[in-house]
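J.: One structure is given below, represented as structure tokens, and several questions about it will come after.
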Amino acid sequence: MTATPNRRLNRLDAVKMNVTLGPFVTNDVAGTASTFLSLAYFNTATALSLSTRETKMAQGGRIVGMMITTDADVTAGTIVGRASINGAAVTFNDSAVTLSTALPQSDTSFVEFEQGVAFKAGDTIGMNVNTTGMTPTTLNLTGWLVLALDPL
């Protein structure tokens, strides 16, 4: 097979691994706030505990997907899912992952590699939500990030 000089290598062709990071959780989400979510783990067969807010990445890549879900309908206001890198909240896909009365319990968004949020080896990655006038403030939220890792 002869390579054609005009063929561009798609960046996705070179990605070796996609991983899902999470679940990130928070309970009793504040009505208007910026809240960092914590990673969840089971400390017994039935008890859920919270761990660190962010995970240190061994290699670079991009955040290419986000999912959030709650255990109750949003009846007013909004919840906007955001990623966090090195402790700073960053917007993912123009705030595409948003819960409101129109989409009250779950939302997802995925982008091509080139549109993802870049991170480097050694960065810490986590999740954040920004709420504005949101009710009920007793709802609990779970989120996941989809990462496309650079080749080793």
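Naming works like this for the structure tokens: A, B, ... for the chains as they're shown, residue 1 at the start of each chain, ligands 1 onward in shown order.
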Enumerate the residues of chain A with a DSSP assignment of strand (DSSP E or B), computed from the backbone, and present them as a PyMOL selection string.
T.: chain A and resi 17-26+33-36+38-42+48-50+54-56+61-70+76-85+88-90+98-99+106-110+117-119+124-135+141-149
J.: Could you please write out, as JSON, numbers by chain, every residue of chain A that DSSP assigns to alpha helix (DSSP H)?
T.: {"A": [11, 12, 13, 14]}
J.: Output N, CA, C and O atoms for every residue in the selection just made, as a PDB file, in the first residue's frame.
T.:
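Written file, out26.pdb:
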ATOM      1  N   ARG A  11      -5.651  12.550  14.809  1.00  0.00           N
ATOM      2  CA  ARG A  11      -5.105  12.460  16.177  1.00  0.00           C
ATOM      3  C   ARG A  11      -5.715  11.273  16.912  1.00  0.00           C
ATOM      4  O   ARG A  11      -5.067  10.631  17.708  1.00  0.00           O
ATOM      5  N   LEU A  12      -6.965  10.943  16.613  1.00  0.00           N
ATOM      6  CA  LEU A  12      -7.593   9.805  17.282  1.00  0.00           C
ATOM      7  C   LEU A  12      -6.927   8.492  16.893  1.00  0.00           C
ATOM      8  O   LEU A  12      -6.951   7.534  17.643  1.00  0.00           O
ATOM      9  N   ASP A  13      -6.319   8.422  15.692  1.00  0.00           N
ATOM     10  CA  ASP A  13      -5.623   7.209  15.277  1.00  0.00           C
ATOM     11  C   ASP A  13      -4.469   6.874  16.218  1.00  0.00           C
ATOM     12  O   ASP A  13      -4.092   5.724  16.361  1.00  0.00           O
ATOM     13  N   ALA A  14      -3.879   7.900  16.825  1.00  0.00           N
ATOM     14  CA  ALA A  14      -2.703   7.696  17.653  1.00  0.00           C
ATOM     15  C   ALA A  14      -3.035   7.467  19.125  1.00  0.00           C
ATOM     16  O   ALA A  14      -2.180   7.073  19.885  1.00  0.00           O
TER      17      ALA A  14
END
J.: What is the atom CA of A:Thr124 to atom CA of A:Val80 distance in Å?
T.: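 Calculated distance between atom CA of A:Thr124 and atom CA of A:Val80 is 20.4 Å.
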J.: Identify, on the basis of only C-alpha atoms, every residue whose closest approach to stretch 129-132 of chain A does not exceed 6 Å; exclude the query and any residue fewer than 4 positions from it along the same chain; express the result as number ranges by chain.
T.: A: 31-35, 77-82
J.: So, counting only C-alpha atoms, which residue among A:Asn18, A:Asn27, A:Ser95, A:Thr52 is closest to A:Asp150?
T.: A:Asn18
J.: Calculated over only C-alpha atoms, which of the candidates A:Thr70, A:Asn140, A:Ser51, A:Thr44 has the smallest distance to A:Ser100?
T.: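 Nearest candidate to A:Ser100 out of A:Thr70, A:Asn140, A:Ser51, A:Thr44: A:Thr70.
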J.: So which one's closest to A:Val25, A:Asn43, A:Thr91, A:Thr75, A:Ser38? Using only C-alpha atoms, please.
T.: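 Using only C-alpha atoms, A:Val25 sits closest to A:Ser38.
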J.: Using only C-alpha atoms, which residues sit within 9 Å of A:Ala121 once same-chain residues fewer than 4 positions away are excluded, as a list in words?
T.: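 Answer for this query is Lys56, Met57, Ala58, Gln59, Gly60 and Gly61 of chain A.
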J.: Any chance you could export the current selection's all heavy atoms as a CSV table (one decimal), in the first residue's frame?
T.:
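And here's selection.csv as it stands now:
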chain,number,residue,atom,x,y,z
A,56,LYS,N,-3.9,12.3,40.2
A,56,LYS,CA,-2.7,12.7,39.5
A,56,LYS,C,-2.6,11.8,38.3
A,56,LYS,O,-2.7,10.5,38.4
A,56,LYS,CB,-1.5,12.5,40.4
A,56,LYS,CG,-0.2,13.0,39.7
A,56,LYS,CD,1.0,13.0,40.6
A,56,LYS,CE,2.2,13.6,39.9
A,56,LYS,NZ,3.4,13.6,40.8
A,57,MET,N,-2.4,12.4,37.1
A,57,MET,CA,-2.3,11.7,35.9
A,57,MET,C,-0.9,11.3,35.5
A,57,MET,O,0.0,12.1,35.6
A,57,MET,CB,-2.9,12.5,34.7
A,57,MET,CG,-4.4,12.9,35.0
A,57,MET,SD,-5.4,11.5,35.4
A,57,MET,CE,-5.3,10.5,33.9
A,58,ALA,N,-0.7,10.0,35.1
A,58,ALA,CA,0.7,9.5,34.8
A,58,ALA,C,1.1,9.9,33.4
A,58,ALA,O,2.2,9.9,33.1
A,58,ALA,CB,0.7,8.0,34.9
A,59,GLN,N,0.1,10.3,32.5
A,59,GLN,CA,0.4,10.7,31.2
A,59,GLN,C,-0.6,11.8,30.8
A,59,GLN,O,-1.7,11.9,31.4
A,59,GLN,CB,0.4,9.6,30.2
A,59,GLN,CG,-0.9,8.9,30.0
A,59,GLN,CD,-0.7,7.6,29.2
A,59,GLN,OE1,-0.5,6.6,29.9
A,59,GLN,NE2,-0.9,7.6,27.9
A,60,GLY,N,-0.3,12.5,29.8
A,60,GLY,CA,-1.1,13.6,29.3
A,60,GLY,C,-2.3,13.1,28.4
A,60,GLY,O,-2.3,11.9,28.1
A,61,GLY,N,-3.1,14.0,28.0
A,61,GLY,CA,-4.3,13.6,27.2
A,61,GLY,C,-5.3,14.8,27.2
A,61,GLY,O,-4.9,15.9,27.4
J.: For A:Thr98, which residue among A:Met67, A:Ala40, A:Leu145, A:Leu50 is the nearest when counting only C-alpha atoms?
T.: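 Under the stated criterion, the closest residue is A:Met67.
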J.: For A:Ala148, find every residue with an atom within 8 Å (counting only C-alpha atoms), except residues of its own chain fewer than 4 positions away, and show them as a PyMOL selection string.
T.: chain A and resi 15+17-19+61-64+113
J.: What is the distance between atom CA of A:Ile125 and atom CA of A:Asp73, in Å to one decimal?
T.: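 It comes out at 27.4 Å.
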J.: Which of these, A:Asp71, A:Glu112, A:Asp123, A:Asp107, has the shortest distance to A:Asn86 once you count only C-alpha atoms?
T.: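 Among A:Asp71, A:Glu112, A:Asp123, A:Asp107, it is A:Asp123 that comes nearest to A:Asn86.
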J.: Would you mind listing what lies within 7 Å of A:Met66 as a ChimeraX atom specification, with only C-alpha atoms counted and same-chain residues fewer than 2 positions away left out?
T.: /A:68,108-110,144-146
J.: Using N, CA, C and O atoms, can you export the residues from the last selection as an mmCIF file, in the first residue's frame?
T.:
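Output below, filename result.cif:
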data_model
loop_
_atom_site.group_PDB
_atom_site.id
_atom_site.type_symbol
_atom_site.label_atom_id
_atom_site.label_comp_id
_atom_site.auth_asym_id
_atom_site.auth_seq_id
_atom_site.Cartn_x
_atom_site.Cartn_y
_atom_site.Cartn_z
ATOM 1 N N ILE A 68 -23.114 13.564 34.122
ATOM 2 C CA ILE A 68 -23.576 13.837 35.475
ATOM 3 C C ILE A 68 -24.997 13.307 35.621
ATOM 4 O O ILE A 68 -25.765 13.279 34.666
ATOM 5 N N THR A 108 -25.075 14.280 29.342
ATOM 6 C CA THR A 108 -23.749 13.846 28.910
ATOM 7 C C THR A 108 -23.314 14.678 27.720
ATOM 8 O O THR A 108 -24.135 15.268 27.015
ATOM 9 N N SER A 109 -22.005 14.710 27.494
ATOM 10 C CA SER A 109 -21.469 15.356 26.311
ATOM 11 C C SER A 109 -20.118 14.729 25.992
ATOM 12 O O SER A 109 -19.339 14.423 26.899
ATOM 13 N N PHE A 110 -19.876 14.561 24.695
ATOM 14 C CA PHE A 110 -18.603 14.018 24.221
ATOM 15 C C PHE A 110 -18.118 14.882 23.066
ATOM 16 O O PHE A 110 -18.930 15.417 22.300
ATOM 17 N N TRP A 144 -18.817 11.550 36.015
ATOM 18 C CA TRP A 144 -17.686 10.823 35.456
ATOM 19 C C TRP A 144 -17.053 11.666 34.365
ATOM 20 O O TRP A 144 -17.729 12.438 33.686
ATOM 21 N N LEU A 145 -15.759 11.490 34.168
ATOM 22 C CA LEU A 145 -15.033 12.110 33.064
ATOM 23 C C LEU A 145 -14.504 11.011 32.157
ATOM 24 O O LEU A 145 -14.072 9.961 32.637
ATOM 25 N N VAL A 146 -14.518 11.261 30.849
ATOM 26 C CA VAL A 146 -13.917 10.340 29.892
ATOM 27 C C VAL A 146 -12.642 11.014 29.383
ATOM 28 O O VAL A 146 -12.672 12.157 28.918
#
J.: Nearest residue to A:Phe92 out of A:Gln115, A:Thr55, A:Ala72, A:Ser106, using only C-alpha atoms?
T.: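 The closest residue to A:Phe92 is A:Gln115.
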